[in-house]
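Student: Coordinates in target28.txt, compact mmCIF, C-alpha atoms, are listed below.
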```txt
# COMPACT_ATOMS: atom_id res chain seq x y z
CA MET A 1 74.55 92.65 68.04
CA SER A 2 76.31 91.20 71.06
CA PRO A 3 76.81 93.35 74.16
CA ARG A 4 80.15 95.02 74.65
CA ALA A 5 81.92 94.03 77.86
CA GLY A 6 83.79 96.63 79.84
CA LEU A 7 83.52 99.53 82.22
CA ASP A 8 82.09 102.90 81.23
CA HIS A 9 83.11 105.16 84.13
CA MET A 10 84.13 105.27 87.78
CA ASP A 11 83.13 108.00 90.23
CA LEU A 12 85.53 108.97 93.00
CA VAL A 13 84.43 111.08 95.94
CA VAL A 14 87.14 113.51 97.04
CA SER A 15 87.55 115.91 99.94
CA ASP A 16 88.42 118.98 97.81
CA LEU A 17 87.06 118.95 94.27
CA GLU A 18 89.20 121.78 92.91
CA ARG A 19 92.45 120.32 94.32
CA SER A 20 91.66 116.83 93.03
CA LEU A 21 90.45 118.06 89.64
CA ALA A 22 93.75 119.92 89.12
CA PHE A 23 95.75 116.85 90.24
CA TYR A 24 93.91 114.38 87.99
CA ARG A 25 93.85 116.71 84.96
CA GLU A 26 97.62 117.26 85.17
CA LEU A 27 98.29 113.58 85.87
CA LEU A 28 96.13 112.19 83.06
CA ALA A 29 96.42 114.71 80.21
CA PRO A 30 99.77 113.33 78.98
CA LEU A 31 98.14 109.87 78.88
CA GLY A 32 95.44 111.16 76.50
CA TRP A 33 92.74 112.00 79.07
CA THR A 34 92.26 115.58 77.89
CA GLN A 35 88.51 116.12 77.87
CA VAL A 36 86.59 117.24 80.97
CA ASN A 37 82.82 117.43 81.03
CA GLU A 38 80.79 118.74 83.94
CA ILE A 39 77.31 117.59 84.90
CA SER A 40 75.10 118.04 87.93
CA GLY A 41 74.87 115.02 90.19
CA GLU A 42 71.74 113.64 91.77
CA ARG A 43 71.99 116.19 94.59
CA GLY A 44 72.80 119.06 92.25
CA GLU A 45 76.52 118.85 93.01
CA PRO A 46 79.10 119.39 90.25
CA VAL A 47 80.58 116.18 88.85
CA HIS A 48 83.57 116.34 86.49
CA TYR A 49 84.20 113.49 84.03
CA ILE A 50 87.75 113.17 82.70
CA GLY A 51 88.42 111.02 79.65
CA ALA A 52 89.90 110.82 76.20
CA PRO A 53 88.10 112.79 73.51
CA PRO A 54 85.70 110.84 71.25
CA PRO A 55 86.02 108.45 69.47
CA HIS A 56 88.84 107.14 71.71
CA ARG A 57 86.96 107.25 75.00
CA ASP A 58 86.25 103.81 76.39
CA PHE A 59 86.22 104.80 80.05
CA SER A 60 86.08 107.98 82.10
CA LEU A 61 86.82 108.93 85.66
CA SER A 62 84.56 111.31 87.50
CA LEU A 63 85.23 113.39 90.57
CA ARG A 64 82.69 114.76 93.00
CA GLU A 65 83.15 116.40 96.39
CA ALA A 66 82.27 114.51 99.57
CA GLN A 67 78.92 115.36 101.12
CA SER A 68 79.23 113.02 104.09
CA GLU A 69 81.68 112.40 106.89
CA ALA A 70 80.93 108.67 106.84
CA HIS A 71 84.49 107.74 105.79
CA PRO A 72 87.04 109.91 107.56
CA LEU A 73 90.49 110.50 106.14
CA PRO A 74 93.00 109.05 105.70
CA TYR A 75 91.50 106.74 103.11
CA ASP A 76 91.79 103.06 104.01
CA ARG A 77 92.08 100.95 100.86
CA TYR A 78 91.57 97.78 102.89
CA ALA A 79 88.14 98.92 104.10
CA VAL A 80 85.09 98.30 101.91
CA GLY A 81 85.48 100.40 98.77
CA VAL A 82 88.10 100.94 96.10
CA HIS A 83 91.52 99.38 96.70
CA HIS A 84 93.23 101.21 93.82
CA VAL A 85 92.66 102.51 90.31
CA ALA A 86 95.11 101.70 87.50
CA PHE A 87 95.62 103.87 84.42
CA SER A 88 97.18 102.45 81.27
CA ALA A 89 100.26 104.04 79.70
CA GLY A 90 101.41 103.49 76.13
CA SER A 91 105.05 102.90 77.07
CA ARG A 92 107.52 102.52 79.91
CA ALA A 93 108.76 106.00 79.05
CA ALA A 94 105.26 107.37 79.72
CA VAL A 95 105.26 105.66 83.15
CA ASP A 96 108.67 107.19 83.88
CA GLU A 97 107.60 110.64 82.70
CA ARG A 98 104.46 110.58 84.86
CA THR A 99 106.59 109.40 87.82
CA ASP A 100 108.85 112.43 87.33
CA TRP A 101 105.74 114.64 87.31
CA LEU A 102 104.42 112.95 90.47
CA ARG A 103 107.70 113.60 92.26
CA SER A 104 107.74 117.24 91.17
CA ALA A 105 104.11 117.61 92.31
CA GLY A 106 104.97 116.23 95.75
CA ALA A 107 102.82 113.10 95.41
CA VAL A 108 103.53 110.16 97.72
CA ILE A 109 104.93 107.27 95.69
CA GLU A 110 104.42 103.84 97.23
CA SER A 111 106.68 101.92 94.85
CA GLY A 112 108.20 101.97 91.40
CA PRO A 113 108.47 102.60 88.67
CA GLU A 114 109.68 99.09 88.20
CA GLU A 115 108.78 95.76 86.65
CA TYR A 116 106.41 93.61 88.71
CA ASP A 117 105.76 89.89 88.28
CA TYR A 118 101.99 90.29 87.78
CA ALA A 119 102.44 89.60 84.06
CA PRO A 120 105.39 89.53 81.66
CA GLY A 121 106.71 93.07 81.14
CA TYR A 122 104.30 94.61 83.69
CA TYR A 123 105.91 98.00 84.45
CA ALA A 124 104.20 100.34 86.89
CA VAL A 125 104.35 103.03 89.52
CA PHE A 126 102.03 103.01 92.54
CA PHE A 127 101.19 106.29 94.29
CA TYR A 128 98.51 108.21 96.17
CA ASP A 129 96.15 111.01 95.16
CA PRO A 130 95.64 114.05 97.45
CA ASP A 131 93.10 112.11 99.54
CA GLY A 132 95.28 109.02 99.91
CA ILE A 133 93.48 106.92 97.27
CA LYS A 134 95.99 104.47 95.81
CA LEU A 135 96.57 104.86 92.07
CA GLU A 136 98.75 103.11 89.52
CA ILE A 137 100.08 103.92 86.07
CA VAL A 138 100.97 100.73 84.22
CA HIS A 139 102.42 99.71 80.88
CA LYS A 140 101.87 96.14 79.72
CA PRO A 141 103.48 95.19 76.41
CA ALA A 142 101.23 93.90 73.64
CA ARG A 143 101.01 90.15 73.51
```
Output the file's structure as C-alpha cells, nothing else.
Tutor:
Amino acid sequence: MSPRAGLDHMDLVVSDLERSLAFYRELLAPLGWTQVNEISGERGEPVHYIGAPPPHRDFSLSLREAQSEAHPLPYDRYAVGVHHVAFSAGSRAAVDERTDWLRSAGAVIESGPEEYDYAPGYYAVFFYDPDGIKLEIVHKPAR
C-alpha cells in the first residue's frame, strides 16, 4: 500500500477560544464542516477540532487558546507563521453565500468575492478571522 499524500489537520492558536470557536463553526458548517471534537492538549488545554463527519473528513482545523504573549496582536501574516488558510467551497454560490454571512457577522473582507487569475475559474473571497488571521473561501471548477 502506497502512502497517502495530504494534510491531516492544522492547529490555530487564537486569543479567545469561545469567540473563535463560534466564528469558525458558523463560517464552516454550511461548507460541510459540522463535526467538532474536543481533546486535551499537551498542557491540558482544551483543543477543538472542526471537520466534516466521517467518512468525508480529509482534513480538520483545530483551535486552541493562546498561552503565550510571544506574538502580540494584530497578527502579521508576513512574519514567520501562517500566511492564510483557504477553505474549499463546492460552488461560486457557496462562496457568495458565505461572503453574505461574513458581512452580516461584521468580518473584515480584504477582497472579493471575485475571479482571480491564479487558475482558470478561481473564484474566492479573502477575509480575516477575529484575531486578524487571513482566511479564504475558494471555488475552483473541476478540470
Student: Quick one: residues within 12 Å of range 113-119 of chain A, all atoms listed in the file counted, chain neighbours fewer than 4 positions away excluded, as a ChimeraX atom specification?
Tutor: /A:92-100,102-103,109,123-127,136-143
Student: May I have the selected residues written with C-alpha atoms, as a CSV table (one decimal), keeping the file's coordinate frame?
Tutor:
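The new file again-v3.csv reads:
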```csv
chain,number,residue,atom,x,y,z
A,92,ARG,CA,107.5,102.5,79.9
A,93,ALA,CA,108.8,106.0,79.0
A,94,ALA,CA,105.3,107.4,79.7
A,95,VAL,CA,105.3,105.7,83.2
A,96,ASP,CA,108.7,107.2,83.9
A,97,GLU,CA,107.6,110.6,82.7
A,98,ARG,CA,104.5,110.6,84.9
A,99,THR,CA,106.6,109.4,87.8
A,100,ASP,CA,108.8,112.4,87.3
A,102,LEU,CA,104.4,113.0,90.5
A,103,ARG,CA,107.7,113.6,92.3
A,109,ILE,CA,104.9,107.3,95.7
A,123,TYR,CA,105.9,98.0,84.4
A,124,ALA,CA,104.2,100.3,86.9
A,125,VAL,CA,104.4,103.0,89.5
A,126,PHE,CA,102.0,103.0,92.5
A,127,PHE,CA,101.2,106.3,94.3
A,136,GLU,CA,98.8,103.1,89.5
A,137,ILE,CA,100.1,103.9,86.1
A,138,VAL,CA,101.0,100.7,84.2
A,139,HIS,CA,102.4,99.7,80.9
A,140,LYS,CA,101.9,96.1,79.7
A,141,PRO,CA,103.5,95.2,76.4
A,142,ALA,CA,101.2,93.9,73.6
A,143,ARG,CA,101.0,90.2,73.5
```
Student: So how many Å separate CA of Ala79 in chain A and CA of Leu17 in chain A, to one decimal?
Tutor: 22.3 Å
Student: From the set A:His83, A:Tyr75, A:Glu65, A:Glu26, which residue has the shortest atom-to-atom contact distance to Ile50 in chain A, counting all atoms listed in the file?
Tutor: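 Comparing A:His83, A:Tyr75, A:Glu65, A:Glu26 against Ile50 in chain A, the winner is A:Glu26.
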Student: Which residue gives the smallest distance to Arg25 in chain A among A:Leu7, A:Ile133, A:Val85, A:Ala52, with all atoms listed in the file counted?
Tutor: A:Ala52
Student: With all atoms listed in the file as the atoms that count, which of A:Leu28, A:Leu135, A:Ile39, A:Leu63 lies nearest to Ala89 in chain A?
Tutor: A:Leu28
Student: Taking all listed atoms of range 123-126 of chain A, build the axis-aligned box, pad each of the six sides by 6 Å, then write its centre and edge lengths in Å to one decimal as AutoDock Vina command-line options.
Tutor:
```
--center_x 104.0 --center_y 100.5 --center_z 88.5 --size_x 15.9 --size_y 17.0 --size_z 20.1
```
Student: Excluding same-chain residues fewer than 3 positions from Glu18 in chain A, what lies within 10 Å of it counting only C-alpha atoms, as a list of chain:residue names?
Tutor: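 So, after excluding close chain neighbours, the residues are A:Val14, A:Ser15, A:Leu21, A:Ala22, A:Phe23, A:Leu63, A:Arg64, A:Glu65.
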Student: Taking only C-alpha atoms into account, name the residue in A:Ala70, A:Gly121, A:Ala29, A:Glu38 that is nearest to Ser91 in chain A.
Tutor: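 Selected residue with least distance to Ser91 in chain A: A:Gly121.
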Student: Restricting the calculation to all atoms listed in the file, which member of A:Leu61, A:Leu27, A:Val108, A:Ala86 is positioned closest to Tyr128 in chain A?
Tutor: A:Val108
Student: For a quick check of understanding, using all atoms listed in the file, which of A:Arg19, A:Gln67, A:Tyr24, A:Arg57 has the smallest distance to Gly44 in chain A?
Tutor: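 Ranked by minimum distance to Gly44 in chain A, first place goes to A:Gln67.
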Student: Can you put N, CA and C atoms back into range 24-47 of chain A and show it as a PDB file, keeping the file's coordinate frame?
Tutor:
```pdb
ATOM      1  N   TYR A  24      94.235 115.397  88.989  1.00  0.00           N
ATOM      2  CA  TYR A  24      93.910 114.380  87.990  1.00  0.00           C
ATOM      3  C   TYR A  24      94.060 114.911  86.564  1.00  0.00           C
ATOM      4  N   ARG A  25      93.687 116.149  86.311  1.00  0.00           N
ATOM      5  CA  ARG A  25      93.850 116.710  84.960  1.00  0.00           C
ATOM      6  C   ARG A  25      95.328 116.727  84.573  1.00  0.00           C
ATOM      7  N   GLU A  26      96.185 117.199  85.477  1.00  0.00           N
ATOM      8  CA  GLU A  26      97.620 117.260  85.170  1.00  0.00           C
ATOM      9  C   GLU A  26      98.225 115.863  85.076  1.00  0.00           C
ATOM     10  N   LEU A  27      97.780 114.943  85.907  1.00  0.00           N
ATOM     11  CA  LEU A  27      98.290 113.580  85.870  1.00  0.00           C
ATOM     12  C   LEU A  27      97.909 112.877  84.568  1.00  0.00           C
ATOM     13  N   LEU A  28      96.656 113.012  84.152  1.00  0.00           N
ATOM     14  CA  LEU A  28      96.130 112.190  83.060  1.00  0.00           C
ATOM     15  C   LEU A  28      96.235 112.794  81.666  1.00  0.00           C
ATOM     16  N   ALA A  29      96.366 114.094  81.553  1.00  0.00           N
ATOM     17  CA  ALA A  29      96.420 114.710  80.210  1.00  0.00           C
ATOM     18  C   ALA A  29      97.525 114.121  79.333  1.00  0.00           C
ATOM     19  N   PRO A  30      98.752 113.926  79.837  1.00  0.00           N
ATOM     20  CA  PRO A  30      99.770 113.330  78.980  1.00  0.00           C
ATOM     21  C   PRO A  30      99.482 111.885  78.567  1.00  0.00           C
ATOM     22  N   LEU A  31      98.541 111.233  79.235  1.00  0.00           N
ATOM     23  CA  LEU A  31      98.140 109.870  78.880  1.00  0.00           C
ATOM     24  C   LEU A  31      96.951 109.870  77.924  1.00  0.00           C
ATOM     25  N   GLY A  32      96.525 111.054  77.472  1.00  0.00           N
ATOM     26  CA  GLY A  32      95.440 111.160  76.500  1.00  0.00           C
ATOM     27  C   GLY A  32      94.084 111.501  77.089  1.00  0.00           C
ATOM     28  N   TRP A  33      93.997 111.670  78.388  1.00  0.00           N
ATOM     29  CA  TRP A  33      92.740 112.000  79.070  1.00  0.00           C
ATOM     30  C   TRP A  33      92.623 113.529  79.096  1.00  0.00           C
ATOM     31  N   THR A  34      92.207 114.123  78.014  1.00  0.00           N
ATOM     32  CA  THR A  34      92.260 115.580  77.890  1.00  0.00           C
ATOM     33  C   THR A  34      90.897 116.258  77.921  1.00  0.00           C
ATOM     34  N   GLN A  35      89.840 115.503  77.900  1.00  0.00           N
ATOM     35  CA  GLN A  35      88.510 116.120  77.870  1.00  0.00           C
ATOM     36  C   GLN A  35      87.862 116.045  79.255  1.00  0.00           C
ATOM     37  N   VAL A  36      87.306 117.182  79.688  1.00  0.00           N
ATOM     38  CA  VAL A  36      86.590 117.240  80.970  1.00  0.00           C
ATOM     39  C   VAL A  36      85.191 117.759  80.699  1.00  0.00           C
ATOM     40  N   ASN A  37      84.213 117.016  81.151  1.00  0.00           N
ATOM     41  CA  ASN A  37      82.820 117.430  81.030  1.00  0.00           C
ATOM     42  C   ASN A  37      82.235 117.548  82.431  1.00  0.00           C
ATOM     43  N   GLU A  38      81.412 118.560  82.637  1.00  0.00           N
ATOM     44  CA  GLU A  38      80.790 118.740  83.940  1.00  0.00           C
ATOM     45  C   GLU A  38      79.289 118.522  83.820  1.00  0.00           C
ATOM     46  N   ILE A  39      78.756 117.792  84.795  1.00  0.00           N
ATOM     47  CA  ILE A  39      77.310 117.590  84.900  1.00  0.00           C
ATOM     48  C   ILE A  39      76.901 117.923  86.322  1.00  0.00           C
ATOM     49  N   SER A  40      75.617 117.924  86.572  1.00  0.00           N
ATOM     50  CA  SER A  40      75.100 118.040  87.930  1.00  0.00           C
ATOM     51  C   SER A  40      74.724 116.659  88.416  1.00  0.00           C
ATOM     52  N   GLY A  41      75.187 116.316  89.611  1.00  0.00           N
ATOM     53  CA  GLY A  41      74.870 115.020  90.190  1.00  0.00           C
ATOM     54  C   GLY A  41      73.452 114.970  90.715  1.00  0.00           C
ATOM     55  N   GLU A  42      73.113 113.843  91.308  1.00  0.00           N
ATOM     56  CA  GLU A  42      71.740 113.640  91.770  1.00  0.00           C
ATOM     57  C   GLU A  42      71.336 114.591  92.886  1.00  0.00           C
ATOM     58  N   ARG A  43      72.293 115.198  93.559  1.00  0.00           N
ATOM     59  CA  ARG A  43      71.990 116.190  94.590  1.00  0.00           C
ATOM     60  C   ARG A  43      72.273 117.608  94.107  1.00  0.00           C
ATOM     61  N   GLY A  44      72.511 117.750  92.824  1.00  0.00           N
ATOM     62  CA  GLY A  44      72.800 119.060  92.250  1.00  0.00           C
ATOM     63  C   GLY A  44      74.269 119.455  92.340  1.00  0.00           C
ATOM     64  N   GLU A  45      75.101 118.554  92.857  1.00  0.00           N
ATOM     65  CA  GLU A  45      76.520 118.850  93.010  1.00  0.00           C
ATOM     66  C   GLU A  45      77.249 118.741  91.668  1.00  0.00           C
ATOM     67  N   PRO A  46      78.332 119.523  91.485  1.00  0.00           N
ATOM     68  CA  PRO A  46      79.100 119.390  90.250  1.00  0.00           C
ATOM     69  C   PRO A  46      79.871 118.075  90.228  1.00  0.00           C
ATOM     70  N   VAL A  47      79.845 117.426  89.081  1.00  0.00           N
ATOM     71  CA  VAL A  47      80.580 116.180  88.850  1.00  0.00           C
ATOM     72  C   VAL A  47      81.378 116.383  87.573  1.00  0.00           C
TER      73      VAL A  47
END
```
